[in-house]
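First comes the structure, then the notes that go with it.
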Amino acid sequence: MSLIALHFFASFTASADGREPRHIFNLHKNPTWQNLLHHEPSWFGSESLINSADFFLSPDGKYNAAAELSATLDAFTLEPQTQCRFPARKMWLEQVLPNIPFPKVDCREYETYMQAFSAESVSLVYASGYLGNPASMYGHVLLKFNSAQNHEFLDNTFNYGARVPDEDNKLVYIYKGITGGYSGQFTNQKYHHQNLTYNESELRDLWEYRLRLSQQKVNFLLAHLWELENSSMTYYFFTENCAYQLAKVLEMVMEKPLIAEGKVWVMPFDIVMMLNKPQTNAFVDDVIYHKSRQEQLYQRFAQLNEDQQETIARIVDTPTSEIQQQFDDHSHNEVIQIVDTLYDYYAFIDVKNEGLNDVQTAKLKALLALRFSLPASETEWIEPKQTPPHNAQNTTMLQASAIYNEAFGEALALRFRANYYDLLNMNSARIPDSALNTFDLTFLYTKEDNSVRLREFTLIDIINLNVSQTGLPGDSQLAWGISAGYKPTALNCINCSDTSFEGFVGKSWKTFDSLVSHLALAGDVQINSLKDINLFSGPEIGGVLTVTPYWVTSMKLGGYFNINKKWQYNNHLAWEQRFFDHQAFDLRTTVRYDEGFEYAANLSIYW
């Protein structure tokens, strides 16, 4: 330890009552200091996740927290301007060593930064998943600093993400993101940019968890983000990602764990769940819902009466010159509601299609002119109560099953799914009528051969039924699904699993509010070896019915033509039911047929 650091420690000790505080020479082990350096346990002690050399004042600071503490004390005294580079370190040192006489220094850039934020509070913002981009399928989190001095859109945010070159395609991104091929960095942007990206462009809902933190802690958090803004770390998609890094900086001021125990991966949803645990929910001051442009359209359209909805459909299809007469049978208030909903519709189409065509643009102008010609009034819309994401089911599943199979009799199965959710899960604030499963393993024990074997492994399984909520042109996309993994080729055998790539594409619809159905063309490629590849294709029909919140059932019925075997045809069936609506468990029953029937009762535990 340097002579200056020893002098500070000696001065602090002498000012106490003659007794030496035991912790004084162990300050580098303090959790806050470790967090300020982003030090984490390693094989040989600890190591910082930060790769930027200028983040450390000691040459050994990345690997030696004690050396960095000593170098910081030296630099703050001998080179006072370093206090401006590391204001959070200074704030912490003045708190734990109140008698240290650091030289006064004028940090104008830092003071300008703090004045620009003028933040009284901080929020964790959760963006729902977006299946159009591998980087966004699991959602995203960012920090928003709230100021009463300006409009919310002018609030500042801090976001952590990978720095991805424009030329990298999605497959390259997935590979590099998983293996640590990108640098990650904190960036500061205005909230209107985040709103444009998530609410408007990607049509994702935002959930804002406003935190109850003292002004001192808000300032400390901002000071540390000032230190981090130009520093880089290695980005890992499943571990050291946006959720992990934001959880770590919040842990520093909340002094509560925000990384879920028992998981080697960190998902944005997990941080939201950890914020709402009994030991942390006192920090949540409010939960604010920011609906997407698409959700606003759906909410407003649902509140119109049948005549208004039919009028909207006619206006979308009618020539611009005939729009006015479509309103003849409607009251003044109904006309305003129709025009406002159409404005949302064309804004939605503008985003979805990356622009409006000439006809749509002309109609939008005509509708806006009509709206301005009406007497000034404000339409009251009912804001439906939305269930926040922390009320959804947890993402990691362990399932135990008792099975009866017509071919081999009684069996037991143990299934582990790393994440995320399926069509039957409680999916608050997730993409409606969708599923996203990754790293899903099933082991099977049978009495017949008294052995345990890997029966099924799903690397990834994505389903998006894309149900239209309005029936209007453009508010309809293909229902689709893709899956890759290792699965049984039939159910009438024990050891007959092959590598499989399957998917479907088709159309979905809502028969009534609680039933979503789809009709599709499905395909499957089963690979036993390079010389044994089977191709299957055929029709598929399915549906998901929500009887009550605690009873949901799904069914899928279809048939495959085996293209390799002179178009031999086989049927298949999957019927599953979920009972109870608890975050931590549910009971399920399954009936499956594929060249043989199989029945199962399943107990699922989630965490």
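Lettering and numbering for the structure tokens are positional, with chains as A, B, ... in the shown order, residues counted from 1 in each chain, and ligands counted from 1 in the shown order.
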
Would you mind listing what lies within 8 Å of range 264-266 of chain A as a PDB file with N, CA and C atoms, in the first residue's frame, with only C-alpha atoms counted and same-chain residues fewer than 3 positions away left out?
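What ended up in around-v5.pdb:
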```pdb
ATOM      1  N   PHE A 238     -26.456 -14.786 -23.164  1.00  0.00           N
ATOM      2  CA  PHE A 238     -27.221 -15.467 -22.125  1.00  0.00           C
ATOM      3  C   PHE A 238     -26.744 -15.152 -20.707  1.00  0.00           C
ATOM      4  N   THR A 239     -25.617 -14.514 -20.542  1.00  0.00           N
ATOM      5  CA  THR A 239     -25.101 -14.269 -19.184  1.00  0.00           C
ATOM      6  C   THR A 239     -24.817 -12.791 -18.953  1.00  0.00           C
ATOM      7  N   GLU A 240     -23.710 -12.303 -19.448  1.00  0.00           N
ATOM      8  CA  GLU A 240     -23.320 -10.915 -19.182  1.00  0.00           C
ATOM      9  C   GLU A 240     -23.936 -10.004 -20.245  1.00  0.00           C
ATOM     10  N   ASN A 241     -25.254  -9.848 -20.113  1.00  0.00           N
ATOM     11  CA  ASN A 241     -26.050  -9.100 -21.091  1.00  0.00           C
ATOM     12  C   ASN A 241     -26.628  -7.847 -20.440  1.00  0.00           C
ATOM     13  N   ALA A 243     -29.476  -7.378 -18.949  1.00  0.00           N
ATOM     14  CA  ALA A 243     -30.106  -7.647 -17.657  1.00  0.00           C
ATOM     15  C   ALA A 243     -29.054  -7.800 -16.563  1.00  0.00           C
ATOM     16  N   TYR A 244     -27.993  -8.506 -16.871  1.00  0.00           N
ATOM     17  CA  TYR A 244     -26.953  -8.744 -15.867  1.00  0.00           C
ATOM     18  C   TYR A 244     -26.276  -7.445 -15.458  1.00  0.00           C
ATOM     19  N   ILE A 259     -29.846 -10.872  -9.130  1.00  0.00           N
ATOM     20  CA  ILE A 259     -29.534 -11.991 -10.015  1.00  0.00           C
ATOM     21  C   ILE A 259     -30.111 -13.244  -9.380  1.00  0.00           C
ATOM     22  N   ALA A 260     -30.970 -13.953 -10.092  1.00  0.00           N
ATOM     23  CA  ALA A 260     -31.637 -15.133  -9.545  1.00  0.00           C
ATOM     24  C   ALA A 260     -30.636 -16.236  -9.249  1.00  0.00           C
ATOM     25  N   ASP A 270     -36.142 -12.080 -15.647  1.00  0.00           N
ATOM     26  CA  ASP A 270     -35.716 -12.498 -14.304  1.00  0.00           C
ATOM     27  C   ASP A 270     -35.439 -11.303 -13.403  1.00  0.00           C
ATOM     28  N   ILE A 271     -34.914 -10.215 -13.969  1.00  0.00           N
ATOM     29  CA  ILE A 271     -34.625  -9.022 -13.163  1.00  0.00           C
ATOM     30  C   ILE A 271     -35.933  -8.395 -12.680  1.00  0.00           C
TER      31      ILE A 271
END
```

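Proximity to Thr395 in chain A at 8 Å, evaluated using only C-alpha atoms and with sequence-adjacent residues fewer than 4 positions away removed, yields Asp270, Ala418, Asn419, Tyr420, Tyr421, Tyr606 and Trp607 of chain A.
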
Please save all heavy atoms of the selected residues as a short mmCIF file (atom, residue, chain, number, x, y, z; two decimals), in the first residue's frame.
```
data_model
loop_
_atom_site.label_atom_id
_atom_site.label_comp_id
_atom_site.auth_asym_id
_atom_site.auth_seq_id
_atom_site.Cartn_x
_atom_site.Cartn_y
_atom_site.Cartn_z
N ASP A 270 -36.14 -12.08 -15.65
CA ASP A 270 -35.72 -12.50 -14.30
C ASP A 270 -35.44 -11.30 -13.40
O ASP A 270 -35.69 -11.35 -12.20
CB ASP A 270 -34.46 -13.38 -14.40
CG ASP A 270 -34.73 -14.69 -15.11
OD1 ASP A 270 -35.87 -15.18 -15.03
OD2 ASP A 270 -33.80 -15.22 -15.75
N ALA A 418 -34.77 -24.75 -19.89
CA ALA A 418 -34.03 -23.60 -19.37
C ALA A 418 -34.89 -22.34 -19.40
O ALA A 418 -34.93 -21.57 -18.45
CB ALA A 418 -32.74 -23.39 -20.18
N ASN A 419 -35.55 -22.08 -20.47
CA ASN A 419 -36.47 -20.96 -20.60
C ASN A 419 -37.19 -21.10 -21.93
O ASN A 419 -36.73 -21.85 -22.79
CB ASN A 419 -35.74 -19.60 -20.50
CG ASN A 419 -34.53 -19.51 -21.40
OD1 ASN A 419 -34.64 -19.54 -22.60
ND2 ASN A 419 -33.34 -19.41 -20.82
N TYR A 420 -38.41 -20.60 -22.13
CA TYR A 420 -38.89 -19.36 -21.59
C TYR A 420 -40.37 -19.54 -21.26
O TYR A 420 -40.79 -19.44 -20.15
CB TYR A 420 -38.63 -18.28 -22.62
CG TYR A 420 -38.75 -16.85 -22.20
CD1 TYR A 420 -38.41 -16.44 -20.92
CD2 TYR A 420 -39.19 -15.89 -23.07
CE1 TYR A 420 -38.51 -15.11 -20.55
CE2 TYR A 420 -39.28 -14.57 -22.71
CZ TYR A 420 -38.94 -14.19 -21.45
OH TYR A 420 -39.03 -12.87 -21.09
N TYR A 421 -41.19 -19.87 -22.30
CA TYR A 421 -42.62 -20.06 -22.07
C TYR A 421 -43.22 -20.81 -23.26
O TYR A 421 -42.66 -20.84 -24.36
CB TYR A 421 -43.35 -18.74 -21.85
CG TYR A 421 -43.34 -17.81 -23.05
CD1 TYR A 421 -44.44 -17.75 -23.90
CD2 TYR A 421 -42.25 -16.98 -23.32
CE1 TYR A 421 -44.46 -16.89 -24.99
CE2 TYR A 421 -42.26 -16.12 -24.40
CZ TYR A 421 -43.36 -16.08 -25.24
OH TYR A 421 -43.37 -15.24 -26.32
N TYR A 606 -41.68 -24.20 -11.51
CA TYR A 606 -41.04 -23.08 -12.20
C TYR A 606 -40.25 -22.22 -11.20
O TYR A 606 -40.68 -22.03 -10.07
CB TYR A 606 -42.09 -22.19 -12.89
CG TYR A 606 -42.95 -22.93 -13.89
CD1 TYR A 606 -44.14 -23.54 -13.48
CD2 TYR A 606 -42.60 -22.99 -15.23
CE1 TYR A 606 -44.94 -24.21 -14.40
CE2 TYR A 606 -43.40 -23.66 -16.15
CZ TYR A 606 -44.56 -24.27 -15.72
OH TYR A 606 -45.35 -24.93 -16.62
N TRP A 607 -39.11 -21.72 -11.65
CA TRP A 607 -38.36 -20.77 -10.83
C TRP A 607 -37.57 -19.82 -11.71
O TRP A 607 -37.50 -19.97 -12.90
CB TRP A 607 -37.43 -21.51 -9.85
CG TRP A 607 -36.22 -22.11 -10.48
CD1 TRP A 607 -34.98 -21.55 -10.60
CD2 TRP A 607 -36.11 -23.43 -11.07
NE1 TRP A 607 -34.11 -22.41 -11.22
CE2 TRP A 607 -34.78 -23.57 -11.52
CE3 TRP A 607 -37.00 -24.49 -11.26
CZ2 TRP A 607 -34.33 -24.72 -12.16
CZ3 TRP A 607 -36.54 -25.62 -11.88
CH2 TRP A 607 -35.23 -25.73 -12.32
#
```

Residues flagged alpha helix (DSSP H) by DSSP in range 174-331 of chain A, as number ranges by chain: A: 174-179, 191-194, 215-228, 242-254, 268-275, 293-303, 306-317

Backbone DSSP call of strand (DSSP E or B) for range 391-501 of chain A, listed as a PyMOL selection string: chain A and resi 397-405+409-421+434-446+451-464+479-488+497-501

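Using only C-alpha atoms, the shortest contact distance between Tyr182 in chain A and any of A:Asn159, A:Ser232, A:Ala490, A:Val467 is found at A:Ser232.
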
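Every protein, DNA or RNA residue with an atom at most 9 Å from range 64-71 of chain A, where only C-alpha atoms count and chain neighbours fewer than 2 positions away do not, is listed here: Met1, Ser2, Ile4, Ala5, Leu6, Asn26, Leu27, His28, Lys29, Trp33, Gln34, Leu37, His39, Gly45, Ser46, Glu47, Ser48, Phe56, Leu57, Ser58, Pro59, Asp60, Gly61, Lys62, Leu73, Asp74, Ala75 and Phe76 of chain A.
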
For Glu255 in chain A: contacts at 9 Å, only C-alpha atoms, fewer than 3 positions along chain excluded, given as a list in words: Pro31, Thr32, Leu250, Glu251 and Met252 of chain A

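One distance worth recording is that between CA of Leu206 in chain A and CA of Thr546 in chain A, which is 25.2 Å.
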
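Of note, CA of Phe457 in chain A and CA of Leu423 in chain A are spaced 18.3 Å apart.
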
Polymer residues at most 10 Å from range 376-381 of chain A, only C-alpha atoms, same-chain spacing of 5 or more positions, as a PDB file with N, CA and C atoms, in the first residue's frame:
```pdb
ATOM      1  N   GLN A 299     -56.763  -1.624 -28.564  1.00  0.00           N
ATOM      2  CA  GLN A 299     -57.619  -1.214 -27.450  1.00  0.00           C
ATOM      3  C   GLN A 299     -58.757  -0.313 -27.930  1.00  0.00           C
ATOM      4  N   ARG A 300     -58.452   0.618 -28.786  1.00  0.00           N
ATOM      5  CA  ARG A 300     -59.476   1.544 -29.253  1.00  0.00           C
ATOM      6  C   ARG A 300     -60.471   0.852 -30.176  1.00  0.00           C
ATOM      7  N   GLN A 303     -63.156  -1.005 -28.392  1.00  0.00           N
ATOM      8  CA  GLN A 303     -64.157  -0.209 -27.687  1.00  0.00           C
ATOM      9  C   GLN A 303     -65.213   0.393 -28.608  1.00  0.00           C
ATOM     10  N   LEU A 304     -65.052   0.257 -29.915  1.00  0.00           N
ATOM     11  CA  LEU A 304     -66.044   0.758 -30.867  1.00  0.00           C
ATOM     12  C   LEU A 304     -67.208  -0.220 -30.974  1.00  0.00           C
ATOM     13  N   HIS A 332     -71.677  12.835 -33.477  1.00  0.00           N
ATOM     14  CA  HIS A 332     -70.436  13.615 -33.440  1.00  0.00           C
ATOM     15  C   HIS A 332     -69.338  12.865 -32.690  1.00  0.00           C
ATOM     16  N   ASN A 333     -69.667  12.311 -31.534  1.00  0.00           N
ATOM     17  CA  ASN A 333     -68.665  11.614 -30.726  1.00  0.00           C
ATOM     18  C   ASN A 333     -68.191  10.334 -31.421  1.00  0.00           C
ATOM     19  N   GLU A 334     -69.101   9.639 -32.094  1.00  0.00           N
ATOM     20  CA  GLU A 334     -68.716   8.410 -32.798  1.00  0.00           C
ATOM     21  C   GLU A 334     -67.764   8.724 -33.947  1.00  0.00           C
ATOM     22  N   ILE A 336     -65.608  11.169 -34.096  1.00  0.00           N
ATOM     23  CA  ILE A 336     -64.287  11.439 -33.521  1.00  0.00           C
ATOM     24  C   ILE A 336     -63.580  10.135 -33.159  1.00  0.00           C
ATOM     25  N   GLN A 337     -64.317   9.198 -32.564  1.00  0.00           N
ATOM     26  CA  GLN A 337     -63.718   7.914 -32.202  1.00  0.00           C
ATOM     27  C   GLN A 337     -63.237   7.162 -33.444  1.00  0.00           C
ATOM     28  N   ASP A 340     -60.062   8.990 -34.839  1.00  0.00           N
ATOM     29  CA  ASP A 340     -58.897   8.746 -33.978  1.00  0.00           C
ATOM     30  C   ASP A 340     -58.377   7.322 -34.142  1.00  0.00           C
ATOM     31  N   ARG A 371     -61.029  15.821 -39.032  1.00  0.00           N
ATOM     32  CA  ARG A 371     -60.917  15.934 -37.563  1.00  0.00           C
ATOM     33  C   ARG A 371     -60.758  17.386 -37.146  1.00  0.00           C
TER      34      ARG A 371
END
```

Quick one: contact table of range 456-537 of chain A to range 566-576 of chain A, 12 Å max, nearest atom pair and distance in Å to one decimal per residue, counting only C-alpha atoms, chain and number order, as CSV?
```
residue,atom,partner,partner_atom,distance
A:Thr489,CA,A:His572,CA,11.3
A:Ala490,CA,A:His572,CA,9.4
A:Leu491,CA,A:His572,CA,9.9
A:Ala522,CA,A:His572,CA,11.8
A:Asn534,CA,A:Trp567,CA,11.2
A:Leu535,CA,A:Trp567,CA,9.7
A:Phe536,CA,A:Trp567,CA,8.6
A:Ser537,CA,A:Trp567,CA,9.3
```

Surrounding residues of Leu444 in chain A excluding itself and chain neighbours under 6 positions, 7 Å, only C-alpha atoms, as a PyMOL selection string: chain A and resi 412-414+452-455

Next, dump the selected residues to file, keeping only N, CA and C atoms, as a CSV table (one decimal), in the first residue's frame.
```
chain,number,residue,atom,x,y,z
A,412,LEU,N,-41.5,-43.3,-16.7
A,412,LEU,CA,-41.3,-42.0,-16.0
A,412,LEU,C,-40.5,-41.1,-16.9
A,413,ALA,N,-40.8,-39.8,-16.8
A,413,ALA,CA,-40.0,-38.8,-17.6
A,413,ALA,C,-39.6,-37.7,-16.7
A,414,LEU,N,-38.4,-37.1,-16.9
A,414,LEU,CA,-38.0,-35.9,-16.2
A,414,LEU,C,-37.5,-34.9,-17.3
A,452,VAL,N,-32.5,-45.5,-18.4
A,452,VAL,CA,-32.8,-44.1,-18.6
A,452,VAL,C,-32.0,-43.7,-19.8
A,453,ARG,N,-32.7,-43.0,-20.7
A,453,ARG,CA,-32.1,-42.5,-21.9
A,453,ARG,C,-32.6,-41.1,-22.2
A,454,LEU,N,-31.8,-40.3,-23.0
A,454,LEU,CA,-32.3,-39.1,-23.5
A,454,LEU,C,-33.3,-39.3,-24.6
A,455,ARG,N,-34.5,-38.8,-24.4
A,455,ARG,CA,-35.6,-39.0,-25.4
A,455,ARG,C,-35.8,-37.9,-26.3
```

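Once Gly503 in chain A and its same-chain neighbours fewer than 3 positions away are set aside, Ile463, Trp480, Gly481, Ile482, Ser483, Ala484, Leu521, Ala522, Gly523 and Asp524 of chain A remain within 9 Å of it when counting only C-alpha atoms.
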
Between CA of Glu208 in chain A and CA of Leu36 in chain A, distance in Å (one decimal): 25.4 Å

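Shortest separation to Lys385 in chain A among A:Ser428, A:Ser231, A:Thr590, A:Ser136 occurs at residue A:Ser428, atoms counted being only C-alpha atoms.
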